[in-house]
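The next block is entry.cif, given as mmCIF, C-alpha atoms.
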```cif
data_upload
#
loop_
_atom_site.group_PDB
_atom_site.id
_atom_site.type_symbol
_atom_site.label_atom_id
_atom_site.label_comp_id
_atom_site.auth_asym_id
_atom_site.auth_seq_id
_atom_site.Cartn_x
_atom_site.Cartn_y
_atom_site.Cartn_z
ATOM 1 C CA MET A 1438 6.316 23.892 27.116
ATOM 2 C CA ARG A 1439 7.169 20.233 27.163
ATOM 3 C CA LEU A 1440 4.895 18.245 24.919
ATOM 4 C CA PRO A 1441 3.589 14.856 25.961
ATOM 5 C CA ASP A 1442 5.702 12.167 24.327
ATOM 6 C CA PRO A 1443 3.001 10.971 21.898
ATOM 7 C CA LEU A 1444 2.387 14.560 20.767
ATOM 8 C CA HIS A 1445 6.124 15.196 20.464
ATOM 9 C CA ARG A 1446 6.465 12.143 18.194
ATOM 10 C CA LEU A 1447 3.461 13.260 16.153
ATOM 11 C CA ALA A 1448 4.983 16.723 15.644
ATOM 12 C CA ALA A 1449 8.270 15.159 14.541
ATOM 13 C CA ARG A 1450 6.390 13.095 11.953
ATOM 14 C CA GLN A 1451 4.447 16.148 10.750
ATOM 15 C CA SER A 1452 7.389 18.475 10.019
ATOM 16 C CA GLY A 1453 7.025 20.070 13.442
ATOM 17 C CA LEU A 1454 3.340 20.807 12.909
ATOM 18 C CA LEU A 1455 0.343 20.164 15.127
ATOM 19 C CA THR A 1456 -3.308 21.063 14.796
ATOM 20 C CA ALA A 1457 -5.425 22.656 17.501
ATOM 21 C CA GLU A 1458 -7.521 19.495 17.623
ATOM 22 C CA GLN A 1459 -4.457 17.295 18.097
ATOM 23 C CA CYS A 1460 -3.272 19.485 20.931
ATOM 24 C CA ARG A 1461 -6.636 19.358 22.689
ATOM 25 C CA ALA A 1462 -6.829 15.582 22.302
ATOM 26 C CA ALA A 1463 -3.403 15.262 23.971
ATOM 27 C CA GLY A 1464 -4.416 17.450 26.903
ATOM 28 C CA VAL A 1465 -2.619 20.672 25.914
ATOM 29 C CA THR A 1466 -4.736 23.598 27.092
ATOM 30 C CA ARG A 1467 -5.583 26.699 25.100
ATOM 31 C CA GLU A 1468 -3.638 28.826 27.550
ATOM 32 C CA GLU A 1469 -0.541 26.700 27.021
ATOM 33 C CA VAL A 1470 -0.933 27.140 23.280
ATOM 34 C CA ARG A 1471 -1.388 30.920 23.642
ATOM 35 C CA HIS A 1472 1.710 31.131 25.826
ATOM 36 C CA ALA A 1473 3.776 29.189 23.280
ATOM 37 C CA LEU A 1474 2.623 31.539 20.540
ATOM 38 C CA ARG A 1475 3.147 34.739 22.560
ATOM 39 C CA SER A 1476 6.650 33.645 23.511
ATOM 40 C CA ALA A 1477 7.444 32.862 19.867
ATOM 41 C CA ARG A 1478 8.170 29.240 20.727
ATOM 42 C CA TRP A 1479 5.425 28.316 18.294
ATOM 43 C CA GLU A 1480 4.164 29.914 15.098
ATOM 44 C CA THR A 1481 0.849 29.759 13.255
ATOM 45 C CA PRO A 1482 1.480 29.090 9.542
ATOM 46 C CA ARG A 1483 -2.231 28.436 9.014
ATOM 47 C CA ARG A 1484 -5.379 28.880 11.002
ATOM 48 C CA GLY A 1485 -5.646 26.059 13.501
ATOM 49 C CA VAL A 1486 -2.180 24.738 12.631
ATOM 50 C CA TYR A 1487 0.878 25.365 14.836
ATOM 51 C CA GLN A 1488 4.545 25.093 13.958
ATOM 52 C CA THR A 1489 6.445 23.883 17.021
ATOM 53 C CA ARG A 1490 9.788 24.498 15.300
ATOM 54 C CA PRO A 1491 9.726 28.211 14.450
ATOM 55 C CA GLY A 1492 11.558 29.152 11.279
ATOM 56 C CA ARG A 1493 10.846 25.942 9.444
ATOM 57 C CA ASN A 1494 9.168 27.097 6.240
ATOM 58 C CA ASP A 1495 10.408 24.631 3.628
ATOM 59 C CA TRP A 1496 8.116 23.228 0.946
ATOM 60 C CA LEU A 1497 7.415 19.977 2.810
ATOM 61 C CA ALA A 1498 6.338 21.854 5.932
ATOM 62 C CA GLY A 1499 4.110 24.090 3.832
ATOM 63 C CA ALA A 1500 2.535 21.117 2.074
ATOM 64 C CA THR A 1501 1.976 19.333 5.373
ATOM 65 C CA ALA A 1502 0.370 22.431 6.837
ATOM 66 C CA ALA A 1503 -1.957 22.625 3.829
ATOM 67 C CA VAL A 1504 -3.104 19.025 4.370
ATOM 68 C CA LEU A 1505 -3.597 19.558 8.103
ATOM 69 C CA ALA A 1506 -5.558 22.757 7.503
ATOM 70 C CA CYS A 1507 -8.033 20.800 5.394
ATOM 71 C CA GLY A 1508 -8.789 18.338 8.193
ATOM 72 C CA GLU A 1509 -9.286 14.626 7.762
ATOM 73 C CA PRO A 1510 -9.405 13.001 5.340
ATOM 74 C CA ALA A 1511 -7.214 15.004 2.971
ATOM 75 C CA ALA A 1512 -4.166 14.220 0.853
ATOM 76 C CA LEU A 1513 -1.775 15.982 -1.479
ATOM 77 C CA GLY A 1514 -2.583 15.394 -5.129
ATOM 78 C CA PHE A 1515 -1.842 16.502 -8.678
ATOM 79 C CA PHE A 1516 1.280 18.714 -8.943
ATOM 80 C CA SER A 1517 1.932 18.690 -5.183
ATOM 81 C CA ALA A 1518 1.884 14.895 -5.071
ATOM 82 C CA ALA A 1519 4.120 14.844 -8.151
ATOM 83 C CA ARG A 1520 6.731 16.901 -6.360
ATOM 84 C CA LEU A 1521 6.457 14.851 -3.197
ATOM 85 C CA ILE A 1522 6.998 11.502 -4.926
ATOM 86 C CA GLY A 1523 9.779 12.765 -7.200
ATOM 87 C CA LEU A 1524 7.782 12.700 -10.413
ATOM 88 C CA ASP A 1525 8.109 16.324 -11.452
ATOM 89 C CA ASP A 1526 11.844 16.539 -12.352
ATOM 90 C CA GLY A 1527 11.863 20.054 -10.921
ATOM 91 C CA TRP A 1528 9.052 21.289 -13.165
ATOM 92 C CA ALA A 1529 6.406 21.434 -10.457
ATOM 93 C CA ARG A 1530 8.901 23.177 -8.199
ATOM 94 C CA ARG A 1531 8.869 26.134 -10.547
ATOM 95 C CA ARG A 1532 5.108 26.348 -10.403
ATOM 96 C CA PRO A 1533 3.750 28.905 -7.964
ATOM 97 C CA GLU A 1534 1.527 27.669 -5.189
ATOM 98 C CA PRO A 1535 -1.256 26.708 -4.487
ATOM 99 C CA PHE A 1536 -0.809 23.378 -2.836
ATOM 100 C CA HIS A 1537 -3.076 20.799 -4.441
ATOM 101 C CA VAL A 1538 -5.129 18.842 -1.902
ATOM 102 C CA CYS A 1539 -7.626 16.053 -2.619
ATOM 103 C CA ILE A 1540 -10.616 15.380 -0.375
ATOM 104 C CA PRO A 1541 -13.574 13.003 -0.706
ATOM 105 C CA GLU A 1542 -16.274 14.274 -3.014
ATOM 106 C CA SER A 1543 -18.791 14.301 -0.158
ATOM 107 C CA ARG A 1544 -16.755 16.640 2.080
ATOM 108 C CA ARG A 1545 -17.604 20.319 2.233
ATOM 109 C CA ILE A 1546 -14.987 22.590 3.769
ATOM 110 C CA ALA A 1547 -13.871 26.163 3.403
ATOM 111 C CA THR A 1548 -10.890 26.256 1.075
ATOM 112 C CA PRO A 1549 -7.782 27.433 2.962
ATOM 113 C CA ASP A 1550 -5.752 30.241 1.425
ATOM 114 C CA GLY A 1551 -3.132 29.039 -1.007
ATOM 115 C CA VAL A 1552 -4.811 25.658 -1.480
ATOM 116 C CA ARG A 1553 -6.436 24.206 -4.586
ATOM 117 C CA LEU A 1554 -9.053 21.674 -3.528
ATOM 118 C CA HIS A 1555 -9.923 18.651 -5.668
ATOM 119 C CA ARG A 1556 -13.019 16.695 -4.641
ATOM 120 C CA VAL A 1557 -12.566 13.155 -5.908
ATOM 121 C CA THR A 1558 -14.611 9.985 -6.034
ATOM 122 C CA ASP A 1559 -13.253 6.740 -4.571
ATOM 123 C CA TYR A 1560 -10.987 8.763 -2.303
ATOM 124 C CA ALA A 1561 -9.912 5.780 -0.182
ATOM 125 C CA SER A 1562 -8.596 3.863 -3.197
ATOM 126 C CA ARG A 1563 -6.658 6.889 -4.465
ATOM 127 C CA VAL A 1564 -4.570 7.528 -1.361
ATOM 128 C CA GLN A 1565 -1.262 5.816 -0.612
ATOM 129 C CA LEU A 1566 -1.751 3.991 2.674
ATOM 130 C CA GLY A 1567 0.734 4.706 5.443
ATOM 131 C CA ALA A 1568 2.444 7.602 3.695
ATOM 132 C CA TRP A 1569 2.865 10.998 5.325
ATOM 133 C CA PRO A 1570 1.993 13.575 4.397
ATOM 134 C CA ALA A 1571 -0.911 11.763 2.840
ATOM 135 C CA ARG A 1572 -0.711 11.764 -0.933
ATOM 136 C CA SER A 1573 -2.411 10.150 -3.910
ATOM 137 C CA THR A 1574 -0.939 6.918 -5.213
ATOM 138 C CA VAL A 1575 1.555 7.146 -8.045
ATOM 139 C CA PRO A 1576 -0.825 5.746 -10.713
ATOM 140 C CA ASP A 1577 -3.577 8.105 -9.552
ATOM 141 C CA THR A 1578 -1.191 11.048 -9.523
ATOM 142 C CA VAL A 1579 -0.101 10.208 -13.058
ATOM 143 C CA LEU A 1580 -3.695 9.972 -14.289
ATOM 144 C CA ASP A 1581 -4.712 13.146 -12.459
ATOM 145 C CA LEU A 1582 -1.905 15.062 -14.142
ATOM 146 C CA ALA A 1583 -2.731 13.457 -17.480
ATOM 147 C CA SER A 1584 -6.341 14.586 -17.098
ATOM 148 C CA VAL A 1585 -5.314 18.256 -16.988
ATOM 149 C CA SER A 1586 -2.773 17.933 -19.829
ATOM 150 C CA ASP A 1587 -3.025 17.648 -23.576
ATOM 151 C CA LEU A 1588 -2.212 14.245 -25.047
ATOM 152 C CA ASP A 1589 1.479 15.033 -25.480
ATOM 153 C CA GLY A 1590 1.711 16.147 -21.854
ATOM 154 C CA ALA A 1591 -0.254 13.124 -20.665
ATOM 155 C CA VAL A 1592 2.193 10.789 -22.402
ATOM 156 C CA GLY A 1593 5.044 12.705 -20.798
ATOM 157 C CA TRP A 1594 3.706 12.159 -17.275
ATOM 158 C CA VAL A 1595 3.175 8.444 -17.883
ATOM 159 C CA ALA A 1596 6.606 8.041 -19.461
ATOM 160 C CA ARG A 1597 8.333 9.874 -16.619
ATOM 161 C CA ALA A 1598 6.680 7.717 -13.963
ATOM 162 C CA LEU A 1599 7.665 4.508 -15.766
ATOM 163 C CA GLN A 1600 11.208 5.660 -16.504
ATOM 164 C CA LYS A 1601 11.727 6.463 -12.835
ATOM 165 C CA GLU A 1602 10.253 3.052 -11.953
ATOM 166 C CA LEU A 1603 7.722 4.713 -9.658
ATOM 167 C CA THR A 1604 4.945 2.506 -11.022
ATOM 168 C CA THR A 1605 4.227 -0.027 -13.759
ATOM 169 C CA SER A 1606 2.120 -0.089 -16.913
ATOM 170 C CA GLU A 1607 -0.089 -2.733 -15.309
ATOM 171 C CA LEU A 1608 -0.841 -0.569 -12.262
ATOM 172 C CA VAL A 1609 -1.627 2.478 -14.380
ATOM 173 C CA LEU A 1610 -3.986 0.398 -16.534
ATOM 174 C CA GLU A 1611 -5.678 -1.031 -13.423
ATOM 175 C CA CYS A 1612 -6.131 2.486 -12.100
ATOM 176 C CA LEU A 1613 -7.523 3.619 -15.445
ATOM 177 C CA ASP A 1614 -10.012 0.732 -15.460
ATOM 178 C CA ARG A 1615 -11.087 1.542 -11.909
ATOM 179 C CA ARG A 1616 -11.816 5.152 -12.797
ATOM 180 C CA GLY A 1617 -13.934 4.356 -15.811
ATOM 181 C CA LYS A 1618 -13.698 7.824 -17.360
ATOM 182 C CA HIS A 1619 -10.625 9.757 -18.418
ATOM 183 C CA ARG A 1620 -10.184 12.253 -21.221
ATOM 184 C CA HIS A 1621 -7.230 10.297 -22.653
ATOM 185 C CA ALA A 1622 -8.437 6.802 -21.716
ATOM 186 C CA ALA A 1623 -8.354 5.278 -25.202
ATOM 187 C CA ASP A 1624 -4.953 6.723 -26.067
ATOM 188 C CA LEU A 1625 -3.379 5.750 -22.764
ATOM 189 C CA ARG A 1626 -4.685 2.202 -23.026
ATOM 190 C CA GLU A 1627 -3.229 1.960 -26.511
ATOM 191 C CA LEU A 1628 0.038 3.436 -25.300
ATOM 192 C CA LEU A 1629 0.378 1.015 -22.391
ATOM 193 C CA ASP A 1630 -0.780 -2.091 -24.220
ATOM 194 C CA GLU A 1631 2.336 -4.069 -25.072
ATOM 195 C CA SER A 1632 0.594 -7.305 -25.960
ATOM 196 C CA GLY A 1633 0.815 -8.936 -29.354
ATOM 197 C CA ILE A 1634 3.593 -9.316 -31.910
ATOM 198 C CA GLU A 1635 3.071 -5.880 -33.383
ATOM 199 C CA SER A 1636 2.807 -2.928 -31.055
ATOM 200 C CA PRO A 1637 0.085 -0.276 -31.344
ATOM 201 C CA ALA A 1638 2.844 2.157 -32.345
ATOM 202 C CA GLU A 1639 3.777 -0.015 -35.343
ATOM 203 C CA LEU A 1640 0.158 -0.126 -36.440
ATOM 204 C CA ARG A 1641 -0.055 3.662 -36.053
ATOM 205 C CA PHE A 1642 2.995 4.000 -38.267
ATOM 206 C CA ALA A 1643 1.525 1.807 -40.995
ATOM 207 C CA ARG A 1644 -1.865 3.527 -40.920
ATOM 208 C CA ASP A 1645 -1.353 7.154 -39.849
ATOM 209 C CA VAL A 1646 2.153 7.821 -41.159
ATOM 210 C CA ALA A 1647 2.703 5.669 -44.241
ATOM 211 C CA ALA A 1648 -0.732 4.859 -45.682
ATOM 212 C CA ALA A 1649 -2.337 8.188 -44.762
ATOM 213 C CA HIS A 1650 0.357 10.098 -46.669
ATOM 214 C CA GLY A 1651 0.954 7.812 -49.624
ATOM 215 C CA LEU A 1652 4.371 6.742 -48.396
ATOM 216 C CA PRO A 1653 5.699 3.248 -49.129
ATOM 217 C CA PRO A 1654 5.011 0.751 -46.306
ATOM 218 C CA GLY A 1655 8.456 -0.833 -46.500
ATOM 219 C CA ARG A 1656 9.165 -4.389 -45.429
ATOM 220 C CA ARG A 1657 7.883 -5.036 -41.923
ATOM 221 C CA GLN A 1658 9.255 -7.219 -39.141
ATOM 222 C CA VAL A 1659 12.340 -8.299 -41.085
ATOM 223 C CA ALA A 1660 14.820 -10.512 -39.224
ATOM 224 C CA ASP A 1661 18.514 -10.199 -40.090
ATOM 225 C CA GLY A 1662 20.830 -11.741 -37.529
ATOM 226 C CA ARG A 1663 23.870 -11.685 -39.808
ATOM 227 C CA ARG A 1664 24.579 -8.015 -39.098
ATOM 228 C CA GLY A 1665 23.753 -8.075 -35.439
ATOM 229 C CA TRP A 1666 20.180 -6.878 -35.864
ATOM 230 C CA ARG A 1667 17.253 -8.674 -34.365
ATOM 231 C CA VAL A 1668 13.927 -7.792 -35.959
ATOM 232 C CA VAL A 1669 13.646 -4.534 -37.862
ATOM 233 C CA ASP A 1670 10.216 -2.914 -37.646
ATOM 234 C CA VAL A 1671 10.282 -1.373 -41.130
ATOM 235 C CA ARG A 1672 13.004 -1.703 -43.752
ATOM 236 C CA TYR A 1673 13.399 0.186 -47.031
ATOM 237 C CA ASP A 1674 15.926 -1.874 -48.963
ATOM 238 C CA GLU A 1675 16.468 0.394 -51.964
ATOM 239 C CA GLN A 1676 16.988 3.453 -49.795
ATOM 240 C CA LEU A 1677 19.056 1.640 -47.124
ATOM 241 C CA LEU A 1678 16.713 3.099 -44.479
ATOM 242 C CA LEU A 1679 15.558 1.409 -41.280
ATOM 243 C CA VAL A 1680 12.660 2.583 -39.126
ATOM 244 C CA GLU A 1681 12.697 1.272 -35.548
ATOM 245 C CA ILE A 1682 9.458 2.289 -33.840
ATOM 246 C CA ASP A 1683 9.784 2.505 -30.095
ATOM 247 C CA GLY A 1684 6.242 2.296 -28.788
ATOM 248 C CA ARG A 1685 7.366 1.371 -25.302
ATOM 249 C CA VAL A 1686 6.979 4.101 -22.732
ATOM 250 C CA GLY A 1687 9.370 4.298 -19.849
ATOM 251 C CA HIS A 1688 11.255 1.093 -20.523
ATOM 252 C CA GLY A 1689 14.360 2.692 -21.912
ATOM 253 C CA GLY A 1690 17.475 2.870 -19.845
ATOM 254 C CA TRP A 1691 21.207 2.960 -20.219
ATOM 255 C CA THR A 1692 21.394 -0.695 -21.244
ATOM 256 C CA ALA A 1693 18.621 -0.351 -23.815
ATOM 257 C CA GLN A 1694 20.089 2.862 -25.170
ATOM 258 C CA ARG A 1695 23.504 1.306 -25.597
ATOM 259 C CA ARG A 1696 21.995 -1.763 -27.264
ATOM 260 C CA ASP A 1697 20.084 0.411 -29.738
ATOM 261 C CA ALA A 1698 23.142 2.571 -30.366
ATOM 262 C CA GLY A 1699 25.186 -0.546 -31.089
ATOM 263 C CA ARG A 1700 22.651 -1.752 -33.619
ATOM 264 C CA ASP A 1701 22.597 1.644 -35.308
ATOM 265 C CA ILE A 1702 26.387 1.704 -35.516
ATOM 266 C CA ARG A 1703 26.526 -1.772 -37.021
ATOM 267 C CA ALA A 1704 23.791 -0.852 -39.502
ATOM 268 C CA ALA A 1705 25.632 2.339 -40.447
ATOM 269 C CA GLY A 1706 28.696 0.245 -41.229
ATOM 270 C CA GLY A 1707 26.650 -1.337 -43.996
ATOM 271 C CA GLY A 1708 25.451 2.015 -45.303
ATOM 272 C CA TRP A 1709 22.082 1.982 -43.525
ATOM 273 C CA THR A 1710 20.486 4.942 -41.727
ATOM 274 C CA THR A 1711 18.156 4.329 -38.797
ATOM 275 C CA LEU A 1712 15.160 6.468 -37.798
ATOM 276 C CA ARG A 1713 13.773 5.893 -34.313
ATOM 277 C CA PRO A 1714 10.337 7.474 -33.913
ATOM 278 C CA GLY A 1715 8.525 7.098 -30.611
ATOM 279 C CA TRP A 1716 4.854 6.725 -29.780
ATOM 280 C CA THR A 1717 4.333 10.480 -29.749
ATOM 281 C CA ASP A 1718 5.736 10.728 -33.287
ATOM 282 C CA VAL A 1719 3.357 8.164 -34.777
ATOM 283 C CA ARG A 1720 0.307 8.997 -32.659
ATOM 284 C CA ILE A 1721 0.460 12.705 -31.869
ATOM 285 C CA ARG A 1722 2.623 14.030 -34.719
ATOM 286 C CA PRO A 1723 2.155 11.562 -37.597
ATOM 287 C CA CYS A 1724 2.168 14.316 -40.235
ATOM 288 C CA GLU A 1725 5.414 15.816 -38.983
ATOM 289 C CA PHE A 1726 7.075 12.422 -38.905
ATOM 290 C CA GLY A 1727 5.570 11.637 -42.313
ATOM 291 C CA ALA A 1728 7.252 14.751 -43.724
ATOM 292 C CA ASP A 1729 10.572 13.713 -42.152
ATOM 293 C CA LEU A 1730 10.242 10.178 -43.527
ATOM 294 C CA TYR A 1731 9.421 11.539 -46.982
ATOM 295 C CA ALA A 1732 12.531 13.736 -46.887
ATOM 296 C CA SER A 1733 14.677 10.786 -45.786
ATOM 297 C CA LEU A 1734 13.316 8.558 -48.552
ATOM 298 C CA ALA A 1735 13.557 11.246 -51.249
ATOM 299 C CA VAL A 1736 17.168 12.117 -50.491
ATOM 300 C CA ARG A 1737 17.972 8.422 -50.855
ATOM 301 C CA GLY A 1738 16.401 8.133 -54.277
ATOM 302 C CA TRP A 1739 12.711 7.439 -53.755
ATOM 303 C CA ARG A 1740 10.814 9.042 -56.632
ATOM 304 C CA GLY A 1741 7.281 8.469 -55.449
ATOM 305 C CA ARG A 1742 4.830 11.264 -54.726
ATOM 306 C CA PRO A 1743 3.178 11.377 -51.290
ATOM 307 C CA HIS A 1744 0.052 13.348 -50.487
ATOM 308 C CA GLY A 1745 -1.440 15.185 -47.569
ATOM 309 C CA CYS A 1746 -3.863 13.491 -45.208
ATOM 310 C CA ARG A 1747 -7.218 14.746 -43.970
ATOM 311 C CA ARG A 1748 -5.693 17.001 -41.346
ATOM 312 C CA PRO A 1749 -5.978 20.634 -42.455
ATOM 313 C CA THR A 1750 -2.474 21.433 -41.169
ATOM 314 C CA CYS A 1751 -0.796 18.312 -42.571
ATOM 315 C CA ALA A 1752 2.971 18.816 -42.592
ATOM 316 C CA VAL A 1753 3.383 16.529 -45.625
ATOM 317 C CA ARG A 1754 1.062 18.758 -47.665
ATOM 318 C CA THR A 1755 3.023 21.791 -46.491
ATOM 319 C CA ALA A 1756 6.312 20.122 -47.503
ATOM 320 C CA LEU A 1757 4.946 19.373 -50.970
ATOM 321 C CA ARG A 1758 3.787 22.953 -51.449
ATOM 322 C CA SER A 1759 7.157 24.311 -50.446
ATOM 323 C CA GLY A 1760 8.892 21.925 -52.795
ATOM 324 C CA SER A 1761 10.977 20.301 -50.066
#
```

Would you write the structure of this file as structure tokens?
Amino acid sequence: MRLPDPLHRLAARQSGLLTAEQCRAAGVTREEVRHALRSARWETPRRGVYQTRPGRNDWLAGATAAVLACGEPAALGFFSAARLIGLDDGWARRRPEPFHVCIPESRRIATPDGVRLHRVTDYASRVQLGAWPARSTVPDTVLDLASVSDLDGAVGWVARALQKELTTSELVLECLDRRGKHRHAADLRELLDESGIESPAELRFARDVAAAHGLPPGRRQVADGRRGWRVVDVRYDEQLLLVEIDGRVGHGGWTAQRRDAGRDIRAAGGGWTTLRPGWTDVRIRPCEFGADLYASLAVRGWRGRPHGCRRPTCAVRTALRSGS
């Protein structure tokens, strides 16, 4: 069967797929469809969805079929959108189906087999215009994935999207403001806020790592251009220990890594050791990093005595009990 040109172009755009409704609208009769199916020229991967290129069963075709089976409007979201936009780094590819499809909150449809439906508010603002198959925007995909992750996982999704330059901190924050509610809203706003002289991560270090565990605060924001350093976040002069707190998410790259490595090498030439905690270390695992900092200070001669914080599983308290 020769398809009308507009329908042929539509099938090419849709991974070879057409819906029964699209066929009817283009003037293809039911008998023509039945003949194409009986002759194995077409296949039916889903009810009401036809594959005009038999044998094509790759992931993209399957995802497109899932969207088409849900009718309009519908769009890939969550883990399926992550794979489609290159956010998953192969992780979502190892997840078994279902395909994740978002529809407006007001729609009521029967859930197709192998599909996980997500009814969302403000559907129109969440979908990337002009993209096919339809999918949620990158910031919305990031926040959707963050909403079903613990805080560590949420930070990972945000960091990955920024590192890949798929979105920006500003766009994620705008999306977060538009939504109003999110389980990690406060933490993500703190994470993405890069305003001010001192970053939120530096403040977390001072409060949740050092002060909370009785560790010395060190000298903060010390400039020393003589040795090729710019501004050191925290400096322990007697122990020759530097702490560079990287609270930026997703802004590292080869150039930044080489710059930091060069600073560390130059500092090491003067006998200094550099610790580089990230936002997750000072926000999510402050006790663990506190125990590591204590060990680094103690081995370099610090004779103070830290203490555990209010957390019942504080790693600093555990280190003190074990005598390390």

Requested in this report: Quick one: residues within 9 Å of (21.5, -1.1, -42.2) (file frame), counting only C-alpha atoms, please, as a list of chain:residue names.
Outcome: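 Checking each residue against the 9 Å limit leaves A:Arg1664, A:Trp1666, A:Arg1672, A:Asp1674, A:Leu1677, A:Leu1678, A:Leu1679, A:Arg1700, A:Asp1701, A:Ile1702, A:Arg1703, A:Ala1704, A:Ala1705, A:Gly1706, A:Gly1707, A:Gly1708, A:Trp1709, A:Thr1710, A:Thr1711.
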
Report task. List the residues matched by the PyMOL selection byres ((chain A and resi 1569-1580) around 7) in the displayed structure as a VMD selection string, ordered by chain and then by residue number. Result -> chain A and resid 1501 1512 to 1515 1518 to 1519 1563 to 1565 1567 to 1568 1581 to 1584 1594 to 1595 1603 to 1604 1608 to 1609 1612

**Report entry** Distance query region 1468-1485 of chain A at most 9 Å, all atoms listed in the file, self and fewer than 5 positions along chain excluded, as a list in words
**Finding:**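 Counting only the stated atoms, we get Met1438, Leu1455, Thr1456, Ala1457, Glu1458, Cys1460, Arg1490, Pro1491, Gly1492, Asn1494, Gly1499, Ala1502, Ala1503, Leu1505, Ala1506, Pro1549 and Asp1550 of chain A.
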
Report task. Would you list the contacts of Arg1556 (chain A) as a PyMOL selection string, taking every protein, DNA or RNA residue within 12 Å and counting all atoms listed in the file, but skipping same-chain residues closer than 6 positions in sequence? Result -> chain A and resi 1507+1510-1515+1537-1546+1548+1563+1581

Store the residues of this selection in a file with C-alpha atoms, as a PDB file, keeping the file's coordinate frame.
```pdb
ATOM      1  CA  CYS A1507      -8.033  20.800   5.394  1.00  0.00           C
ATOM      2  CA  PRO A1510      -9.405  13.001   5.340  1.00  0.00           C
ATOM      3  CA  ALA A1511      -7.214  15.004   2.971  1.00  0.00           C
ATOM      4  CA  ALA A1512      -4.166  14.220   0.853  1.00  0.00           C
ATOM      5  CA  LEU A1513      -1.775  15.982  -1.479  1.00  0.00           C
ATOM      6  CA  GLY A1514      -2.583  15.394  -5.129  1.00  0.00           C
ATOM      7  CA  PHE A1515      -1.842  16.502  -8.678  1.00  0.00           C
ATOM      8  CA  HIS A1537      -3.076  20.799  -4.441  1.00  0.00           C
ATOM      9  CA  VAL A1538      -5.129  18.842  -1.902  1.00  0.00           C
ATOM     10  CA  CYS A1539      -7.626  16.053  -2.619  1.00  0.00           C
ATOM     11  CA  ILE A1540     -10.616  15.380  -0.375  1.00  0.00           C
ATOM     12  CA  PRO A1541     -13.574  13.003  -0.706  1.00  0.00           C
ATOM     13  CA  GLU A1542     -16.274  14.274  -3.014  1.00  0.00           C
ATOM     14  CA  SER A1543     -18.791  14.301  -0.158  1.00  0.00           C
ATOM     15  CA  ARG A1544     -16.755  16.640   2.080  1.00  0.00           C
ATOM     16  CA  ARG A1545     -17.604  20.319   2.233  1.00  0.00           C
ATOM     17  CA  ILE A1546     -14.987  22.590   3.769  1.00  0.00           C
ATOM     18  CA  THR A1548     -10.890  26.256   1.075  1.00  0.00           C
ATOM     19  CA  ARG A1563      -6.658   6.889  -4.465  1.00  0.00           C
ATOM     20  CA  ASP A1581      -4.712  13.146 -12.459  1.00  0.00           C
TER      21      ASP A1581
END
```

**Report entry** Polymer residues at most 8 Å from region 1634-1651 of chain A, only C-alpha atoms, same-chain spacing of 4 or more positions, as a ChimeraX atom specification
**Finding:** /A:1627-1628,1630,1670,1682-1684,1715-1716,1719-1720,1723-1724,1726-1727,1742-1746,1753

Requested in this report: Go ahead and compute the interatomic distance for CA of Leu1524 (chain A) and CA of Ala1598 (chain A), in Å to one decimal.
Outcome: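 Between CA of Leu1524 (chain A) and CA of Ala1598 (chain A) the gap is 6.2 Å.
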
**Report entry** Resolved residues for the PyMOL selection byres ((chain A and resi 1752) around 7) as a VMD selection string
**Finding:** chain A and resid 1724 to 1725 1728 1750 to 1751 1753 to 1756

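The neighbours of Asp1587 (chain A) here are the residues that come within 10 Å of it, using all atoms listed in the file and leaving out any residue fewer than 5 positions away in the same chain; they are Leu1582, Val1592, Gly1593, Arg1620 and His1621 of chain A.
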
Draw an axis-aligned box tight on the listed atoms of region 1708-1714 of chain A, then pad every side by 8 Å and write out centre and edge lengths in Å to one decimal as lines of an AutoDock Vina configuration file.
```
center_x = 17.9
center_y = 4.7
center_z = -39.6
size_x = 31.1
size_y = 21.5
size_z = 27.4
```

Query raised in the report: CA of Val1557 (chain A) and CA of Gln1451 (chain A), how far apart in Å?
Result: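 Computing the Euclidean distance for CA of Gln1451 (chain A) and CA of Val1557 (chain A) yields 24.0 Å.
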
Report task. Have a look at CA of Leu1730 (chain A) and CA of Leu1652 (chain A) and let me know their distance in Å, one decimal. Result ->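 Calculated distance between CA of Leu1730 (chain A) and CA of Leu1652 (chain A) is 8.4 Å.
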
Requested in this report: Quick one: everything within 8 Å of region 1439-1448 of chain A, counting only C-alpha atoms, minus sequence neighbours fewer than 2 positions away in the same chain. Send it as a PyMOL selection string.
Outcome: chain A and resi 1450-1455+1459-1460+1463+1465+1489
